[in-house]
Every structure is written in C-alpha cells, then in structure tokens.
$ cat work00.cif   # mmCIF, C-alpha atoms, pLDDT in the B column; chains and numbers go by the auth columns
data_data
#
loop_
_atom_site.group_PDB
_atom_site.id
_atom_site.type_symbol
_atom_site.label_atom_id
_atom_site.label_comp_id
_atom_site.label_asym_id
_atom_site.label_seq_id
_atom_site.Cartn_x
_atom_site.Cartn_y
_atom_site.Cartn_z
_atom_site.B_iso_or_equiv
_atom_site.auth_seq_id
_atom_site.auth_asym_id
ATOM 1 C CA THR A 1 86.663 58.303 99.018 85.00 1480 A
ATOM 2 C CA LYS A 2 88.662 56.780 96.181 89.00 1481 A
ATOM 3 C CA THR A 3 86.570 58.582 93.568 90.00 1482 A
ATOM 4 C CA VAL A 4 86.959 61.949 95.309 91.00 1483 A
ATOM 5 C CA ARG A 5 90.689 61.455 95.789 92.00 1484 A
ATOM 6 C CA GLY A 6 91.059 60.500 92.135 92.00 1485 A
ATOM 7 C CA MET A 7 89.146 63.539 90.928 93.00 1486 A
ATOM 8 C CA MET A 8 91.254 65.835 93.096 93.00 1487 A
ATOM 9 C CA TYR A 9 94.308 64.821 91.084 93.00 1488 A
ATOM 10 C CA TYR A 10 92.780 66.955 88.347 94.00 1489 A
ATOM 11 C CA ARG A 11 93.167 70.008 90.610 93.00 1490 A
ATOM 12 C CA LYS A 12 96.813 69.089 91.238 91.00 1491 A
ATOM 13 C CA ALA A 13 97.296 68.838 87.467 93.00 1492 A
ATOM 14 C CA LEU A 14 95.863 72.350 87.071 94.00 1493 A
ATOM 15 C CA GLU A 15 98.293 73.630 89.708 91.00 1494 A
ATOM 16 C CA LEU A 16 101.176 71.981 87.870 90.00 1495 A
ATOM 17 C CA GLN A 17 100.066 73.454 84.550 93.00 1496 A
ATOM 18 C CA ALA A 18 99.828 76.920 86.107 92.00 1497 A
ATOM 19 C CA PHE A 19 103.334 76.463 87.560 90.00 1498 A
ATOM 20 C CA LEU A 20 104.755 75.490 84.179 89.00 1499 A
ATOM 21 C CA ASP A 21 103.057 78.476 82.536 90.00 1500 A
ATOM 22 C CA MET A 22 104.083 81.095 85.125 88.00 1501 A
ATOM 23 C CA ALA A 23 107.435 79.916 86.528 85.00 1502 A
ATOM 24 C CA LYS A 24 110.751 81.460 85.608 85.00 1503 A
ATOM 25 C CA ASP A 25 113.683 79.315 84.508 83.00 1504 A
ATOM 26 C CA GLU A 26 115.303 79.139 87.956 81.00 1505 A
ATOM 27 C CA GLU A 27 111.999 78.101 89.537 80.00 1506 A
ATOM 28 C CA LEU A 28 111.523 75.453 86.851 81.00 1507 A
ATOM 29 C CA MET A 29 114.948 74.019 87.612 81.00 1508 A
ATOM 30 C CA LYS A 30 114.083 73.706 91.319 79.00 1509 A
ATOM 31 C CA GLY A 31 110.910 71.832 90.438 76.00 1510 A
ATOM 32 C CA TYR A 32 107.272 71.920 91.349 69.00 1511 A
ATOM 33 C CA LYS A 33 107.596 70.015 94.641 68.00 1512 A
ATOM 34 C CA ALA A 34 110.396 72.290 95.868 67.00 1513 A
ATOM 35 C CA LEU A 35 108.175 75.287 95.215 65.00 1514 A
ATOM 36 C CA GLU A 36 105.332 73.665 97.160 64.00 1515 A
ATOM 37 C CA LEU A 37 107.535 72.986 100.185 62.00 1516 A
ATOM 38 C CA THR A 38 109.419 76.291 100.298 60.00 1517 A
ATOM 39 C CA SER A 39 106.557 78.702 99.746 55.00 1518 A
ATOM 40 C CA GLU A 40 104.004 77.590 102.350 55.00 1519 A
ATOM 41 C CA ASP A 41 104.940 80.571 104.549 54.00 1520 A
ATOM 42 C CA ALA A 42 105.022 82.942 101.599 54.00 1521 A
ATOM 43 C CA SER A 43 101.621 81.738 100.366 47.00 1522 A
ATOM 44 C CA LYS A 44 100.000 83.226 103.449 51.00 1523 A
ATOM 45 C CA SER A 45 100.901 86.669 102.153 46.00 1524 A
ATOM 46 C CA GLY A 46 99.324 85.796 98.799 43.00 1525 A
ATOM 47 C CA LYS A 47 102.264 86.990 96.709 67.00 1526 A
ATOM 48 C CA SER A 48 104.118 83.756 96.018 84.00 1527 A
ATOM 49 C CA LEU A 49 104.017 81.789 92.794 85.00 1528 A
ATOM 50 C CA TRP A 50 102.599 78.838 94.727 85.00 1529 A
ATOM 51 C CA ALA A 51 99.657 80.976 95.934 88.00 1530 A
ATOM 52 C CA GLN A 52 99.038 82.160 92.374 89.00 1531 A
ATOM 53 C CA CYS A 53 99.017 78.570 91.081 90.00 1532 A
ATOM 54 C CA GLN A 54 96.563 77.532 93.780 89.00 1533 A
ATOM 55 C CA ALA A 55 94.310 80.514 93.074 91.00 1534 A
ATOM 56 C CA LEU A 56 94.232 79.695 89.371 93.00 1535 A
ATOM 57 C CA ALA A 57 93.355 76.058 90.090 93.00 1536 A
ATOM 58 C CA ASP A 58 90.589 77.216 92.455 91.00 1537 A
ATOM 59 C CA MET A 59 89.092 79.383 89.721 93.00 1538 A
ATOM 60 C CA LYS A 60 89.065 76.488 87.252 94.00 1539 A
ATOM 61 C CA PHE A 61 88.063 73.527 89.409 94.00 1540 A
ATOM 62 C CA THR A 62 85.246 72.635 91.790 93.00 1541 A
ATOM 63 C CA PHE A 63 84.019 69.082 92.333 94.00 1542 A
ATOM 64 C CA VAL A 64 80.422 68.483 93.472 95.00 1543 A
ATOM 65 C CA ILE A 65 79.273 65.148 94.850 94.00 1544 A
ATOM 66 C CA SER A 66 75.762 64.173 95.845 94.00 1545 A
ATOM 67 C CA CYS A 67 74.959 62.573 99.184 91.00 1546 A
ATOM 68 C CA GLN A 68 71.199 62.658 99.665 87.00 1547 A
ATOM 69 C CA GLN A 69 71.382 61.220 103.200 89.00 1548 A
ATOM 70 C CA TYR A 70 74.032 63.675 104.489 91.00 1549 A
ATOM 71 C CA SER A 71 71.588 65.699 106.629 90.00 1550 A
ATOM 72 C CA ILE A 72 70.204 62.555 108.273 90.00 1551 A
ATOM 73 C CA HIS A 73 73.717 61.269 108.997 92.00 1552 A
ATOM 74 C CA LYS A 74 74.781 64.691 110.282 91.00 1553 A
ATOM 75 C CA ARG A 75 71.823 65.032 112.664 91.00 1554 A
ATOM 76 C CA SER A 76 72.306 61.549 114.083 93.00 1555 A
ATOM 77 C CA GLY A 77 76.075 61.978 114.538 92.00 1556 A
ATOM 78 C CA ASP A 78 76.771 59.100 112.144 93.00 1557 A
ATOM 79 C CA GLN A 79 80.397 58.355 111.308 94.00 1558 A
ATOM 80 C CA ARG A 80 79.585 58.705 107.589 93.00 1559 A
ATOM 81 C CA ALA A 81 78.828 62.419 108.070 93.00 1560 A
ATOM 82 C CA LYS A 82 82.173 62.853 109.829 93.00 1561 A
ATOM 83 C CA ASP A 83 83.924 61.073 106.961 93.00 1562 A
ATOM 84 C CA ILE A 84 82.291 63.402 104.434 93.00 1563 A
ATOM 85 C CA LEU A 85 83.291 66.417 106.530 92.00 1564 A
ATOM 86 C CA ARG A 86 86.879 65.125 106.648 93.00 1565 A
ATOM 87 C CA LEU A 87 86.855 64.838 102.848 93.00 1566 A
ATOM 88 C CA MET A 88 85.595 68.419 102.530 93.00 1567 A
ATOM 89 C CA THR A 89 88.283 69.763 104.841 93.00 1568 A
ATOM 90 C CA THR A 90 91.004 67.741 103.094 92.00 1569 A
ATOM 91 C CA TYR A 91 89.877 68.926 99.652 92.00 1570 A
ATOM 92 C CA PRO A 92 88.688 72.564 99.765 90.00 1571 A
ATOM 93 C CA SER A 93 87.454 72.339 96.151 93.00 1572 A
ATOM 94 C CA LEU A 94 84.900 69.699 97.145 94.00 1573 A
ATOM 95 C CA ARG A 95 81.207 70.582 97.499 95.00 1574 A
ATOM 96 C CA VAL A 96 78.463 68.267 98.764 95.00 1575 A
ATOM 97 C CA ALA A 97 74.892 68.483 97.490 95.00 1576 A
ATOM 98 C CA TYR A 98 72.190 66.840 99.583 94.00 1577 A
ATOM 99 C CA ILE A 99 68.491 66.895 100.403 92.00 1578 A
ATOM 100 C CA ASP A 100 67.611 68.516 103.728 90.00 1579 A
ATOM 101 C CA GLU A 101 64.393 67.431 105.433 87.00 1580 A
ATOM 102 C CA VAL A 102 62.614 69.792 107.839 85.00 1581 A
ATOM 103 C CA GLU A 103 59.427 69.087 109.764 84.00 1582 A
ATOM 104 C CA GLN A 104 57.101 72.033 110.180 81.00 1583 A
ATOM 105 C CA THR A 105 53.813 72.312 112.013 76.00 1584 A
ATOM 106 C CA HIS A 106 51.196 74.355 110.230 69.00 1585 A
ATOM 107 C CA LYS A 107 48.899 76.333 112.517 68.00 1586 A
ATOM 108 C CA ASP A 108 46.220 76.719 109.892 63.00 1587 A
ATOM 109 C CA SER A 109 46.057 72.997 109.072 58.00 1588 A
ATOM 110 C CA TYR A 110 43.156 70.876 110.323 62.00 1589 A
ATOM 111 C CA LYS A 111 44.937 69.082 113.179 62.00 1590 A
ATOM 112 C CA GLY A 112 48.209 71.003 113.344 62.00 1591 A
ATOM 113 C CA ALA A 113 49.924 68.037 111.734 71.00 1592 A
ATOM 114 C CA ASP A 114 53.620 68.011 111.002 80.00 1593 A
ATOM 115 C CA GLU A 115 54.578 68.253 107.368 84.00 1594 A
ATOM 116 C CA LYS A 116 57.946 67.333 105.936 86.00 1595 A
ATOM 117 C CA ILE A 117 59.485 69.935 103.671 88.00 1596 A
ATOM 118 C CA TYR A 118 62.503 69.132 101.517 89.00 1597 A
ATOM 119 C CA TYR A 119 65.235 71.544 100.495 90.00 1598 A
ATOM 120 C CA SER A 120 68.243 71.051 98.279 92.00 1599 A
ATOM 121 C CA ALA A 121 71.495 72.191 99.852 93.00 1600 A
ATOM 122 C CA LEU A 122 75.062 72.707 98.676 94.00 1601 A
ATOM 123 C CA VAL A 123 77.818 72.961 101.296 93.00 1602 A
ATOM 124 C CA LYS A 124 81.577 73.306 101.514 93.00 1603 A
ATOM 125 C CA ALA A 125 84.036 73.108 104.374 91.00 1604 A
ATOM 126 C CA ALA A 126 84.577 76.351 106.231 85.00 1605 A
ATOM 127 C CA PRO A 127 88.126 77.647 106.659 77.00 1606 A
ATOM 128 C CA GLN A 128 89.393 76.292 109.974 68.00 1607 A
ATOM 129 C CA THR A 129 90.084 78.613 112.892 58.00 1608 A
ATOM 130 C CA LYS A 130 91.416 77.815 116.341 53.00 1609 A
ATOM 131 C CA SER A 131 88.125 78.562 118.123 51.00 1610 A
ATOM 132 C CA MET A 132 85.893 76.691 115.659 52.00 1611 A
ATOM 133 C CA ASP A 133 84.047 73.555 116.699 55.00 1612 A
ATOM 134 C CA SER A 134 82.767 70.825 114.379 53.00 1613 A
ATOM 135 C CA SER A 135 79.256 72.275 114.131 53.00 1614 A
ATOM 136 C CA GLU A 136 80.633 75.413 112.461 57.00 1615 A
ATOM 137 C CA SER A 137 82.836 73.586 109.989 73.00 1616 A
ATOM 138 C CA VAL A 138 80.381 73.560 107.056 77.00 1617 A
ATOM 139 C CA GLN A 139 79.220 76.582 105.049 76.00 1618 A
ATOM 140 C CA THR A 140 75.973 76.539 103.099 78.00 1619 A
ATOM 141 C CA LEU A 141 76.380 78.004 99.648 73.00 1620 A
#

$ encode --input "work00.cif" --output "structure tokens"
Amino acid sequence: TKTVRGMMYYRKALELQAFLDMAKDEELMKGYKALELTSEDASKSGKSLWAQCQALADMKFTFVISCQQYSIHKRSGDQRAKDILRLMTTYPSLRVAYIDEVEQTHKDSYKGADEKIYYSALVKAAPQTKSMDSSESVQTL
C-alpha cells in the first residue's frame, strides 16, 4: 500500500504540472488546491481546467503492479483481494497483473482428468455506479 500510494504522487505531480502549464494568471493566484475544490461539479461536464489536467495526467501515467495470487485470493474471498480492489478504486490509474488458474476437463484425454491452465490477466477498477456490486467492480483489459 505504501509503495502504491507513493507512486501515485507522481500522477498528482503531473496534474500540478498540467495546471501550471494551462492555467491563466487569475487561476494561478487562486492556487491548485482551490481549483481542485471548486471545479468538482464542473469536471463532470468535462470542460473545466481541472478535468483537462486530470485527462492529461491519465494519458501520461499508468501504474502496473503484479500480484500473482490475486485470483486465488479473489475466489476465496480473502481480505487481501478486497484490499487490492480498494487500492484500484482509490487510484484509477492503477492496474493489477496476475496469473489466473483455470481447471478444465478434457473429453479426449485418457481418463478425463482435470488440467490446470494458466492465463495472464491485467485488470483495473471499473467506474462505480449505484447498482454495481463488488463482483462487477473489476474490468479485464
């Protein structure tokens, strides 16, 4: 968690740099934090300076972490999977790479034995909606 949080400061720095590059003098005098607080409603329309700064940071920054056991934790309902999901929802630029394990029975095999097949997966948090439950909160990329 500390590593992810620390790396996400880089995204904040990109937002600040975009603000300094695009802001007019009166916006500069109000400051970066004032812009963040006052334009949350305007950012929904996509036309505010704050929304532009966030979009530019999104284009320049994505952080990928590896958690090979994520699928096992997720299937078992382990708290660690919930913690990783919370990190992904807190930091939309975060992606998680993991190994997914699937058991398949082959009909043409000698005894119909189960075989484990491994896939690599990359996921991100899905945008939250009011009707969404926790099983729909991850998007496979």

$ residues_near_point --input "work00.cif" --point "(55.7, 70.0, 108.5)" --cutoff "8 Å" --atoms "only C-alpha atoms" --output "PyMOL selection string"
chain A and resi 1581-1585+1592-1596

$ resolve_selection --input "work00.cif" --expression "the PyMOL selection byres ((chain A and resi 1597-1601) around 10)" --output "CSV table (one decimal) with C-alpha atoms, in the frame of the given file"
chain,number,residue,atom,x,y,z
A,1543,VAL,CA,80.4,68.5,93.5
A,1544,ILE,CA,79.3,65.1,94.8
A,1545,SER,CA,75.8,64.2,95.8
A,1547,GLN,CA,71.2,62.7,99.7
A,1550,SER,CA,71.6,65.7,106.6
A,1574,ARG,CA,81.2,70.6,97.5
A,1575,VAL,CA,78.5,68.3,98.8
A,1576,ALA,CA,74.9,68.5,97.5
A,1577,TYR,CA,72.2,66.8,99.6
A,1578,ILE,CA,68.5,66.9,100.4
A,1579,ASP,CA,67.6,68.5,103.7
A,1580,GLU,CA,64.4,67.4,105.4
A,1581,VAL,CA,62.6,69.8,107.8
A,1582,GLU,CA,59.4,69.1,109.8
A,1594,GLU,CA,54.6,68.3,107.4
A,1595,LYS,CA,57.9,67.3,105.9
A,1596,ILE,CA,59.5,69.9,103.7
A,1602,VAL,CA,77.8,73.0,101.3
A,1603,LYS,CA,81.6,73.3,101.5
A,1617,VAL,CA,80.4,73.6,107.1
A,1618,GLN,CA,79.2,76.6,105.0
A,1619,THR,CA,76.0,76.5,103.1
A,1620,LEU,CA,76.4,78.0,99.6

$ closest_residue --input "work00.cif" --among "A:Ala1604, A:Met1508, A:Leu1528, A:Leu1566" --to "Glu1494 in chain A" --atoms "all atoms listed in the file"
A:Leu1528

$ residues_around --input "work00.cif" --residues "Leu1493 in chain A" --least-positions-apart "5" --cutoff "8 Å" --atoms "only C-alpha atoms" --output "NGL selection string"
:A and (1535-1536 or 1539)

$ write_last_selection --input "work00.cif" --atoms "C-alpha atoms" --output "PDB file, in the coordinates of the input"
ATOM      1  CA  LEU A1535      94.232  79.695  89.371  1.00 93.00           C
ATOM      2  CA  ALA A1536      93.355  76.058  90.090  1.00 93.00           C
ATOM      3  CA  LYS A1539      89.065  76.488  87.252  1.00 94.00           C
TER       4      LYS A1539
END

$ resolve_selection --input "work00.cif" --expression "the PyMOL selection byres ((chain A and resi 1534) around 12)" --output "VMD selection string"
chain A and resid 1490 to 1491 1493 to 1494 1497 to 1498 1522 1525 to 1533 1535 to 1540 1571 to 1572

$ atom_distance --input "work00.cif" --atom1 "CA of Leu1495 in chain A" --atom2 "CA of Pro1606 in chain A"
23.6 Å

$ atom_distance --input "work00.cif" --atom1 "CA of Lys1561 in chain A" --atom2 "CA of Met1486 in chain A"
20.2 Å
